[in-house]
Structures are given as C-alpha cells and as structure tokens.
Amino acid sequence: MGKHTSKSRSLRRTLLIALISCLIAVLGICTAIFNMIYQQASVNVNLYSGELAGQTVSAVSDAYYQQFLSSQQQYLRDFGREMALWLYQFDMSAEDRRENLQYQAVNYFSNADVFFLYDGEALHSYELGTADNADLIMQDAIAVFDQKAAEMPEYYGSQTDFLGWLDVCMEQQCGSYAKGGAGYVIAWDNLCNYTGDNLCFGILMQNVNSWIEPIRACADEQTNALLDSLDSMFRKYVSVMIAAVLSVFAVFLVISAALSKKIAAPVVSEHDMLVEVNAMKTTFLSDASHELKTPLAAMSGYAQDAELDLMQGGDRATVQNKLRRISSEANRMALMVTQILDATRIEEGRMVLEKAPCDLDSLVRKTVETYFAVLNKNNNRLILRIPIDLPKVNADSTRLQRVFVNLISNALKHTKNGTVLIKAEADKDTVTVTVKDTGSGISPEDLPHIWERYYKGKHSETGTGLGLFICKFIVESHGGTIDVESEEGKGTAFTFTLPAASDGITDAESNLIEQILRK
C-alpha cells in the first residue's frame with residue numbers, strides 16, 4: 001500500500017512539475033509573441049508614418065512654393081505697369097532705363113534678394129535688401145535649377161540649360177522654384193508686355209526652405225505622438241497579458257496543493273483558456289493593424305495625387321477634394337483608435353461617467369454633423385425623428401456620443417443606397433432611442449454573440465469587434481438597457497433606453513410645497 005502511495009505521490013509530483021513547466025513555457029511564448037507583434041507593428045507604423053509625413057511636407061511645401069511664386073508674378077505685373085507709365089514720361093536712353101529700373105526695384109521688391117535684367121545677350125544681377133554679391137547668388141541658383149533639369153529632363157523643355165530656357169521664355173511672364181540648396185524662387189516678365197522695349201526683368205529669392213521647417217517639425221511631432229500612443233497601447237496589452245497569466249499560475253498552485261488528486265482537469269482547462277485568450281488577442285491585434293493601415297495607405301495615395309496635381313498645375317478644387325479625403329481618412333483612423341482606448345478603459349475599470357442633464361436632440365445632430373460625412377461611404381440617406389419637447393436624459397454626453405457613433409457606423413457600413421433612421425420617444429421615466437437601417441441585417445448564428453468583445457461576425461471582414469461591446473457597457477452603466485431586432489437581408493434596429501433627467505423636485509417635496517401654498 002505504501003509503495004502504491006509513494007508511486008502516486010511521485011506521479012502527482014511529476015505531473016505538477018510538468019504542468020508548472022508548461023505554464024512557464026506558455027508565459028514565455030506569449031511574451032515573445034506579443035513582443036514580436038509589437039516590434040513589427042512599431043516598424044510598420046514608423047515606416048508608413050515617416051513616408052506619409054514626408055509626402056505631406058512635400059505636398060504642402062509645393063503648394064506654398066506655387067502660391068508664393070504666383071504672388072511674386074503679380075508683383076512683377078504691377079511693377080511692369082508702373083514702370084511703363086513712369087519711364088516713358090521722360091526721354092531716356094536704354095542704359096538710363098536699366099539704371100532706373102534697378103533703382104525702382106530696390107524700393108519695390110523688399111522681400112527679394114536679387115533683381116536681374118536680360119536683353120537676350122547678357123544677364124545683369126543687382127543686390128536687393130541685405131543680399132551680398134548678386135552675381136554669386138544668381139550663379140548658385142542657376143546651378144540648382146540646372147541640377148533639377150538634369151534630374152527631370154522635361155523641366156527646361158527642349159533646352160539644356162537655364163539661359164537657353166530664359167532665351168525661349170524671356171518675352172513671357174514665367175517663373176519656377178527649386179527646393180535644392182537653400183531653396184530658390186525665380187520669376188520674370190518683359191517690358192514688351194507693357195511698352196515697346198524687349199527687356200526681360202525679374203527677381204530671385206533664396207533661403208526659401210527656411211519657411212518649410214515649421215511644417216516639417218509639425219509633421220515629425222505628429223508622427224512621434226502616434227508612435228508614442230501605439231507604444232503605450234501595446235505595452236498595456238502586454239502587461240495585462242502577463243498579469244493574467246501570472247494570476248492563473250498563482251491560482252493553479254493553490255488549487256493543485258489542496259486538490260492534488262484532481263490536478264489534471266483544472267490544468268487542462270486553464271491551459272485551454274490561455275490558448276483561447278492568446279488566439280483571440282492575436283487575431284484582434286492583426287485586425288487592428290490592418291484596419292489602421294488601410295486609412296494610412298489611402299492618406300498616402302491621396303497625398304501623392306495632390307502633390308502630382310500641384311506640380312502639374314492641376315485644378316485647385318481637385319486638390320482641395322483630395323485634402324478633404326485625407327482629413328476624412330484621418331478622422332476614420334481616430335475613431336478606431338478611440339474604440340480601442342475605450343475598450344482598454346473598460347477592461348481596466350477606468351471608464352468613469354460624469355452624468356448631467358443632456359439634450360439628446362443637440363447631441364445627435366452634433367454627432368451626425370461631425371461623423372456622418374466621414375462614415376457614409378455607401379450613398380445612404382439619414383432621417384432624424386426626435387420630438388422638440390423630448391425631455392433631457394441624465395447621462396455622460398461624451399460617452400453617450402460614442403454609442404451613437406458606433407451604432408451609426410455599423411448601420412452605414414452594412415447598408416448601401418438605403419436609409420438610416422434615428423428616432424426617440426419618451427414615457428414617464430425613460431427615453432427610448434432607436435437606430436434603424438435597411439441594410440443586410442445580422443445572421444441568426446451571429447445574433448447571440450454580437451455583444452461579445454472582439455466578436456466581428458463570421459461574414460464581416462472589417463472592424464475591430466469592439467463597437468457593440470462598448471455600447472452595451474455604456475448604456476447599462478447609465479442604468480438603461482439595449483436590445484436588437486434584425487432580419488437578414490432586410491435590416492437591423494438597435495433600441496436602447498436611458499433614464500430621463502429629474503426636474504430636481506420629488507413627489508414628496510411637491511406635495512409639501514402645495515400644502516404650504518394652501519395655508
């Protein structure tokens with residue numbers, strides 16, 4: 001008997017050691033997987049954010065250069081008109097006209113560095129403002145423009161150097177800019193456009209790149225902020241995962257010491273749970289990375305198109321439309337990040353409600369104005385039916401707005417060329433709100449699981465699976481209820497209730513006031 005008991009204890013001890021080793025291995029593997037995912041995500045975000053920041057800076061700087069060049073060309077037109085009126089009041093020789101043009105340019109072009117004249121044979125350069133050695137500045141600028149032409153053969157057209165280009169274009173109002181070196185902007189016009197003289201006159205500005213540095217610094221600051229936010233998010237999830245595994249490990253030791261004869265069953269159960277949690281979070285991180293990468297890619301594409309339009313002198317309305325699309329995708333990405341942060345606050349118990357009387361009508365309209373254009377990609381129509389005399393609700397307006405954003409987002413995502421209805425009605429103590437769509441509906445197999453965290457549905461390829469989980473938590477935290485009715489292929493209706501705000505006087509207080517007034 002003792003021999004069998006000894007063997008049993010030895011077997012249980014061996015099993016305990018094996019299970020402890022397995023838990024340690026699981027902890028190490030999970031930590032390694034999360035660290036690998038974190039490192040890869042950081043590299044990808046850094047890469048895409050850096051590219052996007054560079055493209056944004058380039059696009060904005062090109063637009064700034066183009067606008068600045070246009071303003072200088074307007075100054076040259078005004079200068080040419082004034083000189084045409086002034087020079088021909090007097091009988092001057094060609095040399096005297098040049099000297100007077102140079103003299104007037106010093107007072108007229110206060111922001112330029114060099115004023116130049118070109119008669120088709122010689123290029124004469126004159127200092128303006130605080131510039132020194134106009135000829136050297138002009139030579140440096142011509143070298144930069146020639147380098148740009150070497151990289152882009154079509155830049156000078158059929159010409160091979162700057163003076164050849166100037167010869168061809170000297171009778172036109174023309175100009176260009178180059179970001180190389182210190183950055184240069186050059187523009188010119190011809191007196192033949194205003195008088196009978198064929199004399200090209202123009203201005204050159206250097207050190208233009210100094211105006212771009214604040215833009216680049218802002219882009220770098222935003223990129224660093226995004227990286228810091230992602231780093232914090234991943235570290236929190238890694239910490240939660242490690243804490244969960246360590247807690248399971250501690251509980252397992254206590255149970256195994258008290259119930260050594262039944263150690264196998266709970267160990268298997270705990271191990272299966274860890275594998276499921278790890279798989280669920282790994283899937284979530286993969287989906288979240290994909291969802292964040294999609295708007296980043298769209299923003300990058302629109303930024304490149306806008307840059308190309310600006311370089312080719314494209315339509316301003318087209319460029320503005322692409323910039324609005326970039327802003328729309330940025331707002332879309334911000335909504336996803338907000339969902340992840342809200343889920344984290346719920347998991348950590350840090351979501352605190354600040355309740356106050358809240359006007360549902362203004363809150364819904366503010367939400368629609370902010371997010372409907374961003375989320376409505378499928379040409380849907382929105383209908384609002386909220387009574388004017390609807391009582392206020394006692395709620396945290398910021399959290400309640402998250403409920404509307406998530407429900408409207410779901411409705412718009414699963415509805416094409418349809419209708420989304422938002423209506424509200426009140427009874428004695430509660431206000432009932434319904435968000436109804438005419439979309440694809442929810443399948444019967446998905447319907448029981450839609451409130452679960454990270455659950456997206458078997459037929460859904462987008463989203464984080466957090467929206468309805470967050471909605472349910474927020475509504476129930478306010479003391480309300482939320483429910484759903486859906487028919488596959490016909491649409492879905494989400495209905496939730498909220499307590500109406502008190503007018504501040506209870507029934508007992510009202511009766512007391514009435515008695516006092518009667519006396």
# chains A, B, ... in the order shown; residues from 1 in each chain; ligands from 1

$ residues_around --residues "Asp132 of chain A" --least-positions-apart "5" --cutoff "9 Å" --atoms "only C-alpha atoms" --output "PyMOL selection string"
chain A and resi 113+127+137

$ closest_residue --among "A:Cys169, A:Ile203, A:Ile17, A:Gln312" --to "Ala105 of chain A" --atoms "only C-alpha atoms"
A:Ile203

$ atom_distance --atom1 "atom CA of Leu227 of chain A" --atom2 "atom CA of Asn35 of chain A"
15.5 Å

$ atom_distance --atom1 "atom CA of Ser61 of chain A" --atom2 "atom CA of Ile186 of chain A"
15.9 Å

$ closest_residue --among "A:Ala143, A:Cys192, A:Ile450, A:Cys174" --to "Phe162 of chain A" --atoms "only C-alpha atoms"
A:Ala143

$ residues_around --residues "Ser362 of chain A" --least-positions-apart "5" --cutoff "10 Å" --atoms "only C-alpha atoms" --output "number ranges by chain"
A: 367-368, 386

$ write_last_selection --atoms "C-alpha atoms" --output "compact mmCIF listing (two decimals), in the first residue's frame"
# COMPACT_ATOMS: atom_id res chain seq x y z
CA THR A 367 -22.70 63.64 -33.85
CA VAL A 368 -24.25 63.49 -37.31
CA ILE A 386 -36.64 63.48 -32.46

$ atom_distance --atom1 "atom CA of Gln66 of chain A" --atom2 "atom CA of Leu128 of chain A"
22.2 Å

$ residues_around --residues "segment 371-382 of chain A" --least-positions-apart "2" --cutoff "7 Å" --atoms "only C-alpha atoms" --output "MDAnalysis selection string"
chainID A and resid 328 332 367:369 384 409 412 415:421

$ write_last_selection --atoms "all heavy atoms" --output "mmCIF file, in the first residue's frame"
data_model
loop_
_atom_site.group_PDB
_atom_site.id
_atom_site.type_symbol
_atom_site.label_atom_id
_atom_site.label_comp_id
_atom_site.auth_asym_id
_atom_site.auth_seq_id
_atom_site.Cartn_x
_atom_site.Cartn_y
_atom_site.Cartn_z
ATOM 1 N N SER A 328 -10.698 63.097 -43.978
ATOM 2 C CA SER A 328 -11.734 62.104 -43.686
ATOM 3 C C SER A 328 -11.111 60.791 -43.213
ATOM 4 O O SER A 328 -11.575 60.193 -42.238
ATOM 5 C CB SER A 328 -12.594 61.870 -44.937
ATOM 6 O OG SER A 328 -13.514 60.823 -44.724
ATOM 7 N N ARG A 332 -11.399 58.830 -39.655
ATOM 8 C CA ARG A 332 -11.775 57.425 -39.584
ATOM 9 C C ARG A 332 -10.787 56.643 -38.716
ATOM 10 O O ARG A 332 -11.179 55.812 -37.891
ATOM 11 C CB ARG A 332 -11.826 56.858 -40.997
ATOM 12 C CG ARG A 332 -12.133 55.361 -41.074
ATOM 13 C CD ARG A 332 -12.040 54.899 -42.519
ATOM 14 N NE ARG A 332 -11.982 53.456 -42.608
ATOM 15 C CZ ARG A 332 -11.592 52.796 -43.681
ATOM 16 N NH1 ARG A 332 -11.207 53.462 -44.749
ATOM 17 N NH2 ARG A 332 -11.566 51.488 -43.699
ATOM 18 N N THR A 367 -23.373 64.875 -33.429
ATOM 19 C CA THR A 367 -22.699 63.641 -33.852
ATOM 20 C C THR A 367 -22.826 63.441 -35.353
ATOM 21 O O THR A 367 -21.858 63.091 -36.030
ATOM 22 C CB THR A 367 -23.292 62.433 -33.109
ATOM 23 O OG1 THR A 367 -23.204 62.654 -31.690
ATOM 24 C CG2 THR A 367 -22.533 61.159 -33.464
ATOM 25 N N VAL A 368 -24.019 63.673 -35.872
ATOM 26 C CA VAL A 368 -24.249 63.485 -37.310
ATOM 27 C C VAL A 368 -23.410 64.474 -38.120
ATOM 28 O O VAL A 368 -22.789 64.115 -39.127
ATOM 29 C CB VAL A 368 -25.743 63.645 -37.624
ATOM 30 C CG1 VAL A 368 -25.965 63.742 -39.128
ATOM 31 C CG2 VAL A 368 -26.524 62.485 -37.047
ATOM 32 N N GLU A 369 -23.392 65.742 -37.690
ATOM 33 C CA GLU A 369 -22.613 66.745 -38.415
ATOM 34 C C GLU A 369 -21.125 66.402 -38.426
ATOM 35 O O GLU A 369 -20.424 66.660 -39.403
ATOM 36 C CB GLU A 369 -22.817 68.126 -37.786
ATOM 37 C CG GLU A 369 -24.210 68.693 -38.006
ATOM 38 C CD GLU A 369 -24.438 69.979 -37.242
ATOM 39 O OE1 GLU A 369 -23.508 70.432 -36.531
ATOM 40 O OE2 GLU A 369 -25.545 70.535 -37.344
ATOM 41 N N LEU A 384 -33.924 61.864 -39.232
ATOM 42 C CA LEU A 384 -33.976 62.134 -37.794
ATOM 43 C C LEU A 384 -35.422 62.407 -37.395
ATOM 44 O O LEU A 384 -36.091 63.266 -37.991
ATOM 45 C CB LEU A 384 -33.097 63.339 -37.438
ATOM 46 C CG LEU A 384 -31.595 63.214 -37.693
ATOM 47 C CD1 LEU A 384 -30.891 64.489 -37.281
ATOM 48 C CD2 LEU A 384 -31.022 62.033 -36.936
ATOM 49 N N SER A 409 -22.197 54.056 -37.294
ATOM 50 C CA SER A 409 -21.123 53.466 -38.096
ATOM 51 C C SER A 409 -21.496 52.076 -38.577
ATOM 52 O O SER A 409 -21.323 51.735 -39.757
ATOM 53 C CB SER A 409 -19.830 53.411 -37.275
ATOM 54 O OG SER A 409 -18.824 52.699 -37.959
ATOM 55 N N LEU A 412 -24.268 52.345 -41.320
ATOM 56 C CA LEU A 412 -23.776 52.824 -42.612
ATOM 57 C C LEU A 412 -22.876 51.800 -43.290
ATOM 58 O O LEU A 412 -22.861 51.695 -44.522
ATOM 59 C CB LEU A 412 -23.014 54.142 -42.417
ATOM 60 C CG LEU A 412 -23.849 55.330 -41.942
ATOM 61 C CD1 LEU A 412 -22.958 56.519 -41.657
ATOM 62 C CD2 LEU A 412 -24.889 55.697 -42.981
ATOM 63 N N THR A 415 -25.139 49.021 -44.902
ATOM 64 C CA THR A 415 -26.264 49.488 -45.711
ATOM 65 C C THR A 415 -25.732 50.204 -46.950
ATOM 66 O O THR A 415 -24.845 51.049 -46.832
ATOM 67 C CB THR A 415 -27.167 50.452 -44.912
ATOM 68 O OG1 THR A 415 -27.574 49.810 -43.695
ATOM 69 C CG2 THR A 415 -28.390 50.837 -45.717
ATOM 70 N N LYS A 416 -26.265 49.874 -48.110
ATOM 71 C CA LYS A 416 -25.860 50.515 -49.358
ATOM 72 C C LYS A 416 -27.094 51.068 -50.066
ATOM 73 O O LYS A 416 -28.067 50.350 -50.281
ATOM 74 C CB LYS A 416 -25.130 49.518 -50.268
ATOM 75 C CG LYS A 416 -23.794 49.039 -49.720
ATOM 76 C CD LYS A 416 -23.089 48.109 -50.705
ATOM 77 C CE LYS A 416 -21.742 47.652 -50.141
ATOM 78 N NZ LYS A 416 -21.036 46.739 -51.079
ATOM 79 N N ASN A 417 -27.006 52.384 -50.405
ATOM 80 C CA ASN A 417 -28.108 53.071 -51.096
ATOM 81 C C ASN A 417 -29.425 52.889 -50.338
ATOM 82 O O ASN A 417 -30.486 52.709 -50.954
ATOM 83 C CB ASN A 417 -28.249 52.545 -52.528
ATOM 84 C CG ASN A 417 -27.001 52.763 -53.352
ATOM 85 O OD1 ASN A 417 -26.428 53.842 -53.334
ATOM 86 N ND2 ASN A 417 -26.566 51.724 -54.052
ATOM 87 N N GLY A 418 -29.345 52.935 -49.026
ATOM 88 C CA GLY A 418 -30.525 52.716 -48.200
ATOM 89 C C GLY A 418 -30.803 53.895 -47.278
ATOM 90 O O GLY A 418 -30.412 55.029 -47.543
ATOM 91 N N THR A 419 -31.478 53.583 -46.159
ATOM 92 C CA THR A 419 -31.909 54.618 -45.219
ATOM 93 C C THR A 419 -31.491 54.241 -43.811
ATOM 94 O O THR A 419 -31.582 53.075 -43.422
ATOM 95 C CB THR A 419 -33.438 54.785 -45.267
ATOM 96 O OG1 THR A 419 -33.824 55.136 -46.591
ATOM 97 C CG2 THR A 419 -33.891 55.872 -44.300
ATOM 98 N N VAL A 420 -31.026 55.237 -43.064
ATOM 99 C CA VAL A 420 -30.725 55.070 -41.649
ATOM 100 C C VAL A 420 -31.624 56.026 -40.867
ATOM 101 O O VAL A 420 -31.606 57.237 -41.094
ATOM 102 C CB VAL A 420 -29.239 55.360 -41.349
ATOM 103 C CG1 VAL A 420 -28.977 55.268 -39.852
ATOM 104 C CG2 VAL A 420 -28.346 54.384 -42.106
ATOM 105 N N LEU A 421 -32.418 55.475 -39.949
ATOM 106 C CA LEU A 421 -33.388 56.260 -39.177
ATOM 107 C C LEU A 421 -32.945 56.332 -37.720
ATOM 108 O O LEU A 421 -32.604 55.317 -37.125
ATOM 109 C CB LEU A 421 -34.772 55.611 -39.269
ATOM 110 C CG LEU A 421 -35.839 56.124 -38.293
ATOM 111 C CD1 LEU A 421 -36.207 57.564 -38.621
ATOM 112 C CD2 LEU A 421 -37.070 55.234 -38.332
#

$ residues_around --residues "Gly489 of chain A" --least-positions-apart "4" --cutoff "8 Å" --atoms "only C-alpha atoms" --output "list of chain:residue names"
A:Gly439, A:Ser440, A:Gly441

$ write_last_selection --atoms "N, CA, C and O atoms" --output "PDB file, in the first residue's frame"
ATOM      1  N   GLY A 439     -30.258  47.740 -44.143  1.00  0.00           N
ATOM      2  CA  GLY A 439     -29.093  47.055 -44.682  1.00  0.00           C
ATOM      3  C   GLY A 439     -29.224  45.551 -44.756  1.00  0.00           C
ATOM      4  O   GLY A 439     -30.327  44.995 -44.848  1.00  0.00           O
ATOM      5  N   SER A 440     -28.086  44.875 -44.656  1.00  0.00           N
ATOM      6  CA  SER A 440     -28.021  43.433 -44.875  1.00  0.00           C
ATOM      7  C   SER A 440     -28.512  42.619 -43.683  1.00  0.00           C
ATOM      8  O   SER A 440     -28.761  41.424 -43.808  1.00  0.00           O
ATOM      9  N   GLY A 441     -28.643  43.241 -42.525  1.00  0.00           N
ATOM     10  CA  GLY A 441     -29.123  42.511 -41.351  1.00  0.00           C
ATOM     11  C   GLY A 441     -28.042  41.641 -40.730  1.00  0.00           C
ATOM     12  O   GLY A 441     -26.906  41.568 -41.194  1.00  0.00           O
TER      13      GLY A 441
END

$ residues_around --residues "Phe494 of chain A" --least-positions-apart "3" --cutoff "9 Å" --atoms "only C-alpha atoms" --output "MDAnalysis selection string"
chainID A and resid 407 433:436 482:486

$ write_last_selection --atoms "N, CA and C atoms" --output "PDB file, in the first residue's frame"
ATOM      1  N   LEU A 407     -23.205  52.925 -33.314  1.00  0.00           N
ATOM      2  CA  LEU A 407     -24.415  52.397 -33.943  1.00  0.00           C
ATOM      3  C   LEU A 407     -24.603  52.947 -35.358  1.00  0.00           C
ATOM      4  N   VAL A 433     -34.476  55.286 -27.530  1.00  0.00           N
ATOM      5  CA  VAL A 433     -33.841  55.711 -28.784  1.00  0.00           C
ATOM      6  C   VAL A 433     -33.694  54.486 -29.679  1.00  0.00           C
ATOM      7  N   THR A 434     -33.969  54.671 -30.970  1.00  0.00           N
ATOM      8  CA  THR A 434     -33.849  53.581 -31.950  1.00  0.00           C
ATOM      9  C   THR A 434     -32.986  54.043 -33.121  1.00  0.00           C
ATOM     10  N   VAL A 435     -32.024  53.216 -33.492  1.00  0.00           N
ATOM     11  CA  VAL A 435     -31.210  53.436 -34.689  1.00  0.00           C
ATOM     12  C   VAL A 435     -31.490  52.263 -35.633  1.00  0.00           C
ATOM     13  N   LYS A 436     -32.191  52.561 -36.746  1.00  0.00           N
ATOM     14  CA  LYS A 436     -32.671  51.501 -37.624  1.00  0.00           C
ATOM     15  C   LYS A 436     -32.134  51.715 -39.038  1.00  0.00           C
ATOM     16  N   ILE A 482     -30.246  47.819 -23.668  1.00  0.00           N
ATOM     17  CA  ILE A 482     -30.067  47.892 -25.116  1.00  0.00           C
ATOM     18  C   ILE A 482     -30.446  46.543 -25.714  1.00  0.00           C
ATOM     19  N   ASP A 483     -31.147  46.591 -26.841  1.00  0.00           N
ATOM     20  CA  ASP A 483     -31.621  45.369 -27.474  1.00  0.00           C
ATOM     21  C   ASP A 483     -31.527  45.537 -28.989  1.00  0.00           C
ATOM     22  N   VAL A 484     -31.695  44.423 -29.718  1.00  0.00           N
ATOM     23  CA  VAL A 484     -31.570  44.442 -31.173  1.00  0.00           C
ATOM     24  C   VAL A 484     -32.639  43.558 -31.783  1.00  0.00           C
ATOM     25  N   GLU A 485     -33.163  44.009 -32.906  1.00  0.00           N
ATOM     26  CA  GLU A 485     -34.049  43.210 -33.742  1.00  0.00           C
ATOM     27  C   GLU A 485     -33.500  43.264 -35.162  1.00  0.00           C
ATOM     28  N   SER A 486     -33.332  42.102 -35.782  1.00  0.00           N
ATOM     29  CA  SER A 486     -32.735  42.072 -37.112  1.00  0.00           C
ATOM     30  C   SER A 486     -33.299  40.930 -37.925  1.00  0.00           C
TER      31      SER A 486
END

$ select_by_dssp --residues "segment 146-210 of chain A" --states "alpha helix (DSSP H)" --output "ChimeraX atom specification"
/A:146-151,162-169
